[in-house]
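J.: Following this message is one structure expressed as C-alpha cells.
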Protein chains: 2
Amino acid sequence: MAQVWMPAPESGRGRPPSYSRAQIAEAAIAIADEHGIDAVSMRKVAAALGTGAMSLYRYVENKQALCQMMLDHIVGEIGLPEPTGDWQADLRAVAERQRATQLAHPWLAGMAAGRPAMGPNVLRMLEHSMAVLDGLGLSLEDMLETYSLVSSWVNGFVQEELTERDIRRGTGLDEQGWQRSLAPHLETLTANGEYPYFTRILREGADHDFDTRFTRGLTRILTGIAATLPPTP
Amino acid sequence: MAQVWMPAPESGRGRPPSYSRAQIAEAAIAIADEHGIDAVSMRKVAAALGTGAMSLYRYVENKQALCQMMLDHIVGEIGLPEPTGDWQADLRAVAERQRATQLAHPWLAGMAAGRPAMGPNVLRMLEHSMAVLDGLGLSLEDMLETYSLVSSWVNGFVQEELTERDIRRGTGLDEQGWQRSLAPHLETLTANGEYPYFTRILREGADHDFDTRFTRGLTRILTGIAATLPPTP
DNA sequence: CGTACATCGCGTACACCGTACTCGAAGGAG
DNA sequence: CTCCTTCGAGTACGGTGTACGCGATGTACG
C-alpha cells in the first residue's frame, strides 16, 4: 500500500492500477470546490471516478491522507515564479498567487491552517521562499519564521475575505439560516454599545476593497520585515 | 430554540432547563482536551452530562454551533490584562496568554483558523486589542489588520510548536503509524538533496527553544509594526 | 389547590460516514 | 499457458449528526 507521501513500489508485476493518486486528488478537489469540503467522502470521490469506496484505499491509506494530498496537489498548482533577486518582490509574488489559489478553493484556508502537510509541493514552496530569504543575514531559524509569518498572514487575510464575501452574498457555508440568525444578532451587539470598535467596523465598513487592502497589508509586513533585518555592511 | 449566540428567551413559563450552554461547552472541552477534537460527538458530550444526545439540541442548534461555543468559551478564559498604555507590552501580554491557552488546548489552533466565531468573548478580545491600538495614528482598517496580523502569527506559531511537540514525543494525533511512515519518508527527502533547506531545518534543528523563539518572533513583529506606524508629530 | 400549557428530556429512526476483511478478476513474467 | 502478484470492490460494522415525536415536568393562572 502507498504510504502518505511514498507512492506504491511499482513492481511491474501483477495487474496494473486503473487509477492514480493524482486522479483521485483531482476528483476530491472537484467535489470540494463544488459542494464544499464536508461533501468530500470516500464514497462520493469514488463514485465520481465510477468505482466503489474501497478501491481508493489501494492508493490512499486514509481519508486524512487524501486531504493532505488535496492540499499538496493544490499547492502544486500555485506555481513558483522565478526569483528576481528582489526578495520583497519575490515574496509578494508568491503571496499573491497563494491568495488567488485560496480564493479559488475556499475550503483550502481552513485546511492549510491545520498540521502542515509536508508533501512535495508544500516542501518545494518552502524551499522557494527560503531561497528568496537567504543571503539577507537571517539565521535559518529566522528565515523560517519570516516565511511562516507571511504565510500565516495571507492565510488569515483570505479567511476573513472569504467570510465577508460569504456574508455579503447572503449565504456561503451556513446555508440560509445563518443570515437569518446573524442579522438580529449583529443588531443586538451594535445596539447596546458593548462593542464599539466592532460596531464601527460593521458600520463604516472598509475604505478599500480587498485587493488594495491585501497589497497595502503585504507592503506593511514586508516593510516591517525589512526594518528588522540585520544591518548590511 | 437558542440561536447561535442568542440564548433562549427565558420566558419563565414551562419546565426550567436542567442544563446550560456553558455546562455543555465545558463538557465538550473536557472531552476534546482528553481524547482530541475528533472524539467530540453529540452523544459523547451528552453522555458526559448523563443524558441523551438529543437533549443537547435544546441548547445548541448544531454541532457547528457547539464548536463555536467551545472556541468562544476558551477565548473567554484567556483573560484580558488591563492596558498599561504601552501598546507593545499590551499586545505582547495578550499574545502570550493566547499561546499559553492554545498550548493547553491543542485542538484550538485548528479551529481558530476557521471562520471567525463572533461570540461575546471573541468580540471582547477584539475590542481589547483595538483599544490598545487606538491612538497610534492608524485607520480603523489598519488597526484591524494589525490585530489580525499578530493573531494569525500566534496561531501559526503555536500550530508549528504543537506539530513538533507531537513528533518529538513519538505520536500525537496520527497514532503510531505516522511515526513509522514519516521517518523513512524524511530519510528519503533529505537523502536525495532535493530539499536542501528543509534538510538543514531537520538536521540543525532549532537553536533556541520555543519560548525564546516566540519572544523573539513577537519582538520582531512588534518592531516591524512600530516601523510602519505613521510618524507622530 | 387544580389545571392548563409552555417547555424540556430524550428515545427512536434514518441516512451517511470511514474502513477492516475478503475474495474474485486481471494481466504481465516466466 | 500458467503462475503469481496486484488490483477492484462488495459486504458489513460501529459510529455520526440530527428530524420527529411523545411523555414528563414544573410554573403561572384561575
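Chain labels run A, B, ... following the order of the C-alpha cells; each chain numbers its residues from 1, and ligands are numbered from 1 in the order shown.
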Starting from chain B, keep only residues with some atom at most 10 Å from an atom of chain D, counting only C-alpha atoms (C1' of nucleotides), and report them as a tab-separated table (two decimals) with N, CA, C and O atoms, in the first residue's frame.

T.:
```
chain	number	residue	atom	x	y	z
B	12	GLY	N	-39.82	32.13	31.52
B	12	GLY	CA	-40.36	31.96	32.87
B	12	GLY	C	-41.41	30.88	32.95
B	12	GLY	O	-41.51	30.20	33.96
B	13	ARG	N	-42.13	30.72	31.86
B	13	ARG	CA	-43.14	29.66	31.83
B	13	ARG	C	-42.51	28.32	31.52
B	13	ARG	O	-41.42	28.24	30.98
B	14	GLY	N	-43.22	27.27	31.79
B	14	GLY	CA	-42.78	25.94	31.40
B	14	GLY	C	-41.69	25.37	32.27
B	14	GLY	O	-41.21	25.99	33.22
B	15	ARG	N	-41.31	24.17	31.92
B	15	ARG	CA	-40.29	23.45	32.69
B	15	ARG	C	-38.93	24.14	32.57
B	15	ARG	O	-38.48	24.42	31.47
B	16	PRO	N	-38.26	24.40	33.66
B	16	PRO	CA	-36.96	25.08	33.59
B	16	PRO	C	-35.90	24.11	33.07
B	16	PRO	O	-35.98	22.91	33.32
B	41	SER	N	-18.36	14.19	20.10
B	41	SER	CA	-19.59	13.94	19.36
B	41	SER	C	-20.76	14.28	20.26
B	41	SER	O	-20.64	14.30	21.49
B	42	MET	N	-21.89	14.54	19.65
B	42	MET	CA	-23.05	14.91	20.43
B	42	MET	C	-23.35	13.84	21.48
B	42	MET	O	-23.64	14.14	22.63
B	43	ARG	N	-23.25	12.60	21.07
B	43	ARG	CA	-23.55	11.51	22.01
B	43	ARG	C	-22.59	11.50	23.20
B	43	ARG	O	-23.00	11.36	24.35
B	53	ALA	N	-28.22	12.27	23.51
B	53	ALA	CA	-27.69	13.22	22.54
B	53	ALA	C	-28.68	14.32	22.21
B	53	ALA	O	-28.33	15.50	22.14
B	54	MET	N	-29.92	13.93	22.02
B	54	MET	CA	-30.90	14.89	21.53
B	54	MET	C	-31.22	16.00	22.52
B	54	MET	O	-31.75	17.05	22.15
B	57	TYR	N	-29.76	19.47	21.83
B	57	TYR	CA	-30.31	20.34	20.79
B	57	TYR	C	-31.30	21.36	21.33
B	57	TYR	O	-31.77	22.22	20.61
B	61	GLU	N	-27.94	24.66	18.49
B	61	GLU	CA	-28.71	24.31	17.30
B	61	GLU	C	-28.00	23.30	16.42
B	61	GLU	O	-28.63	22.64	15.60
B	62	ASN	N	-26.69	23.18	16.58
B	62	ASN	CA	-25.87	22.42	15.66
B	62	ASN	C	-24.67	21.84	16.36
B	62	ASN	O	-24.33	22.28	17.44
B	63	LYS	N	-23.98	20.94	15.70
B	63	LYS	CA	-22.66	20.62	16.21
B	63	LYS	C	-21.71	21.77	15.91
B	63	LYS	O	-20.84	22.10	16.70
```

J.: To test your reading of the structure, identify every residue in stretch 133-170 of chain A that backbone DSSP assigns to alpha helix (DSSP H), and report it as a PyMOL selection string.

T.: chain A and resi 133+140-168

J.: Taking only C-alpha atoms into account and nothing else, which residues of chain A lie no more than 8 Å away from chain B? Please answer as a ChimeraX atom specification.

T.: /A:3-6,109-110,113-116,123-124,126-127,130-131,140-141,145,148-149,152-153,155-157,159-160,163,181,185,195-198,201,206-207,217,220-221,223-228

J.: So what do you get for atom CA of A:Gly50 versus atom CA of A:Ile31, distance-wise?

T.: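 That distance, rounded to one decimal, is 13.9 Å.
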
J.: What residues in chain C lie within 12 Å of chain A, counting only C-alpha atoms (C1' of nucleotides), written as a list in words?

T.: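 Here is what falls inside 12 Å: DC16, DC17, DG18, DT19, DA20, DC21, DT22, DA25, DA26, DG27, DG28, DA29 and DG30 of chain C.
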
J.: Restricting it to N, CA, C and O atoms (P, O5', C5', C4', C3', O3' and C1' of nucleotides), dump the selection as a JSON list (two decimals), in the first residue's frame.

T.:
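After the write, again-v2.json holds the following:
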```json
[["chain", "number", "residue", "atom", "x", "y", "z"],
["C", 16, "DC", "P", -28.18, 9.52, 2.09],
["C", 16, "DC", "O5'", -26.70, 9.56, 2.69],
["C", 16, "DC", "C5'", -26.31, 10.66, 3.50],
["C", 16, "DC", "C4'", -25.18, 10.23, 4.39],
["C", 16, "DC", "C3'", -24.01, 9.55, 3.66],
["C", 16, "DC", "O3'", -22.93, 10.49, 3.54],
["C", 16, "DC", "C1'", -24.46, 8.64, 5.84],
["C", 17, "DC", "P", -21.65, 10.16, 2.69],
["C", 17, "DC", "O5'", -20.60, 9.80, 3.82],
["C", 17, "DC", "C5'", -20.35, 10.73, 4.88],
["C", 17, "DC", "C4'", -19.62, 10.03, 5.99],
["C", 17, "DC", "C3'", -18.45, 9.20, 5.54],
["C", 17, "DC", "O3'", -17.30, 10.02, 5.48],
["C", 17, "DC", "C1'", -19.76, 8.06, 7.23],
["C", 18, "DG", "P", -16.05, 9.51, 4.71],
["C", 18, "DG", "O5'", -15.38, 8.54, 5.77],
["C", 18, "DG", "C5'", -14.73, 9.08, 6.90],
["C", 18, "DG", "C4'", -14.10, 7.97, 7.71],
["C", 18, "DG", "C3'", -12.96, 7.22, 7.01],
["C", 18, "DG", "O3'", -11.98, 6.87, 7.97],
["C", 18, "DG", "C1'", -14.72, 5.71, 7.48],
["C", 19, "DT", "P", -10.62, 6.29, 7.44],
["C", 19, "DT", "O5'", -10.89, 4.72, 7.43],
["C", 19, "DT", "C5'", -11.01, 4.01, 8.66],
["C", 19, "DT", "C4'", -11.43, 2.58, 8.41],
["C", 19, "DT", "C3'", -10.54, 1.79, 7.42],
["C", 19, "DT", "O3'", -10.31, 0.50, 7.97],
["C", 19, "DT", "C1'", -12.76, 1.49, 6.91],
["C", 20, "DA", "P", -8.83, 0.15, 8.48],
["C", 20, "DA", "O5'", -9.04, -1.33, 9.04],
["C", 20, "DA", "C5'", -9.97, -1.56, 10.10],
["C", 20, "DA", "C4'", -10.47, -3.00, 10.07],
["C", 20, "DA", "C3'", -9.49, -4.02, 9.50],
["C", 20, "DA", "O3'", -9.66, -5.26, 10.21],
["C", 20, "DA", "C1'", -11.42, -3.94, 8.13],
["C", 21, "DC", "P", -8.68, -6.51, 9.85],
["C", 21, "DC", "O5'", -9.58, -7.42, 8.88],
["C", 21, "DC", "C5'", -10.97, -7.56, 9.19],
["C", 21, "DC", "C4'", -11.68, -8.36, 8.10],
["C", 21, "DC", "C3'", -10.82, -9.41, 7.40],
["C", 21, "DC", "O3'", -11.51, -10.65, 7.47],
["C", 21, "DC", "C1'", -11.95, -8.06, 5.80],
["C", 22, "DT", "P", -10.76, -12.05, 7.01],
["C", 22, "DT", "O5'", -11.36, -12.27, 5.56],
["C", 22, "DT", "C5'", -12.74, -11.97, 5.32],
["C", 22, "DT", "C4'", -13.02, -11.91, 3.83],
["C", 22, "DT", "C3'", -12.18, -12.87, 3.01],
["C", 22, "DT", "O3'", -13.01, -13.96, 2.58],
["C", 22, "DT", "C1'", -12.36, -10.72, 1.97],
["C", 25, "DA", "P", -14.39, -14.20, -10.93],
["C", 25, "DA", "O5'", -13.57, -12.94, -11.48],
["C", 25, "DA", "C5'", -14.05, -11.62, -11.22],
["C", 25, "DA", "C4'", -13.05, -10.61, -11.76],
["C", 25, "DA", "C3'", -12.49, -10.96, -13.13],
["C", 25, "DA", "O3'", -12.42, -9.77, -13.90],
["C", 25, "DA", "C1'", -10.71, -10.76, -11.56],
["C", 26, "DA", "P", -11.99, -9.84, -15.44],
["C", 26, "DA", "O5'", -10.50, -9.28, -15.38],
["C", 26, "DA", "C5'", -10.24, -8.07, -14.70],
["C", 26, "DA", "C4'", -8.74, -7.83, -14.68],
["C", 26, "DA", "C3'", -8.04, -8.12, -16.00],
["C", 26, "DA", "O3'", -7.17, -7.06, -16.28],
["C", 26, "DA", "C1'", -6.98, -9.29, -14.24],
["C", 27, "DG", "P", -7.01, -6.58, -17.85],
["C", 27, "DG", "O5'", -5.44, -6.73, -18.07],
["C", 27, "DG", "C5'", -4.57, -6.10, -17.15],
["C", 27, "DG", "C4'", -3.37, -6.97, -16.91],
["C", 27, "DG", "C3'", -2.68, -7.50, -18.20],
["C", 27, "DG", "O3'", -1.36, -7.04, -18.19],
["C", 27, "DG", "C1'", -2.83, -9.17, -16.55],
["C", 28, "DG", "P", -0.60, -6.68, -19.56],
["C", 28, "DG", "O5'", 0.93, -6.91, -19.11],
["C", 28, "DG", "C5'", 1.46, -6.14, -18.03],
["C", 28, "DG", "C4'", 2.44, -6.99, -17.22],
["C", 28, "DG", "C3'", 3.63, -7.51, -18.02],
["C", 28, "DG", "O3'", 4.79, -7.46, -17.21],
["C", 28, "DG", "C1'", 2.44, -9.33, -17.08],
["C", 29, "DA", "P", 6.23, -7.85, -17.79],
["C", 29, "DA", "O5'", 6.51, -9.25, -17.07],
["C", 29, "DA", "C5'", 6.50, -9.32, -15.63],
["C", 29, "DA", "C4'", 7.05, -10.65, -15.15],
["C", 29, "DA", "C3'", 8.32, -11.12, -15.85],
["C", 29, "DA", "O3'", 9.15, -11.82, -14.91],
["C", 29, "DA", "C1'", 6.53, -12.64, -16.35],
["C", 30, "DG", "P", 10.55, -12.35, -15.34],
["C", 30, "DG", "O5'", 10.27, -13.89, -15.68],
["C", 30, "DG", "C5'", 10.07, -14.82, -14.60],
["C", 30, "DG", "C4'", 9.69, -16.18, -15.20],
["C", 30, "DG", "C3'", 10.67, -16.65, -16.27],
["C", 30, "DG", "O3'", 11.63, -17.55, -15.66],
["C", 30, "DG", "C1'", 8.38, -16.98, -16.95]]
```

J.: To one decimal place, how far is atom CA of A:Pro231 from atom CA of A:Met143 in Å?

T.: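 Going from atom CA of A:Pro231 over to atom CA of A:Met143, I get 15.4 Å.
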
J.: Just the number, please: distance in Å from atom CA of A:Leu138 to atom CA of A:Thr232, one decimal.

T.: 10.8 Å
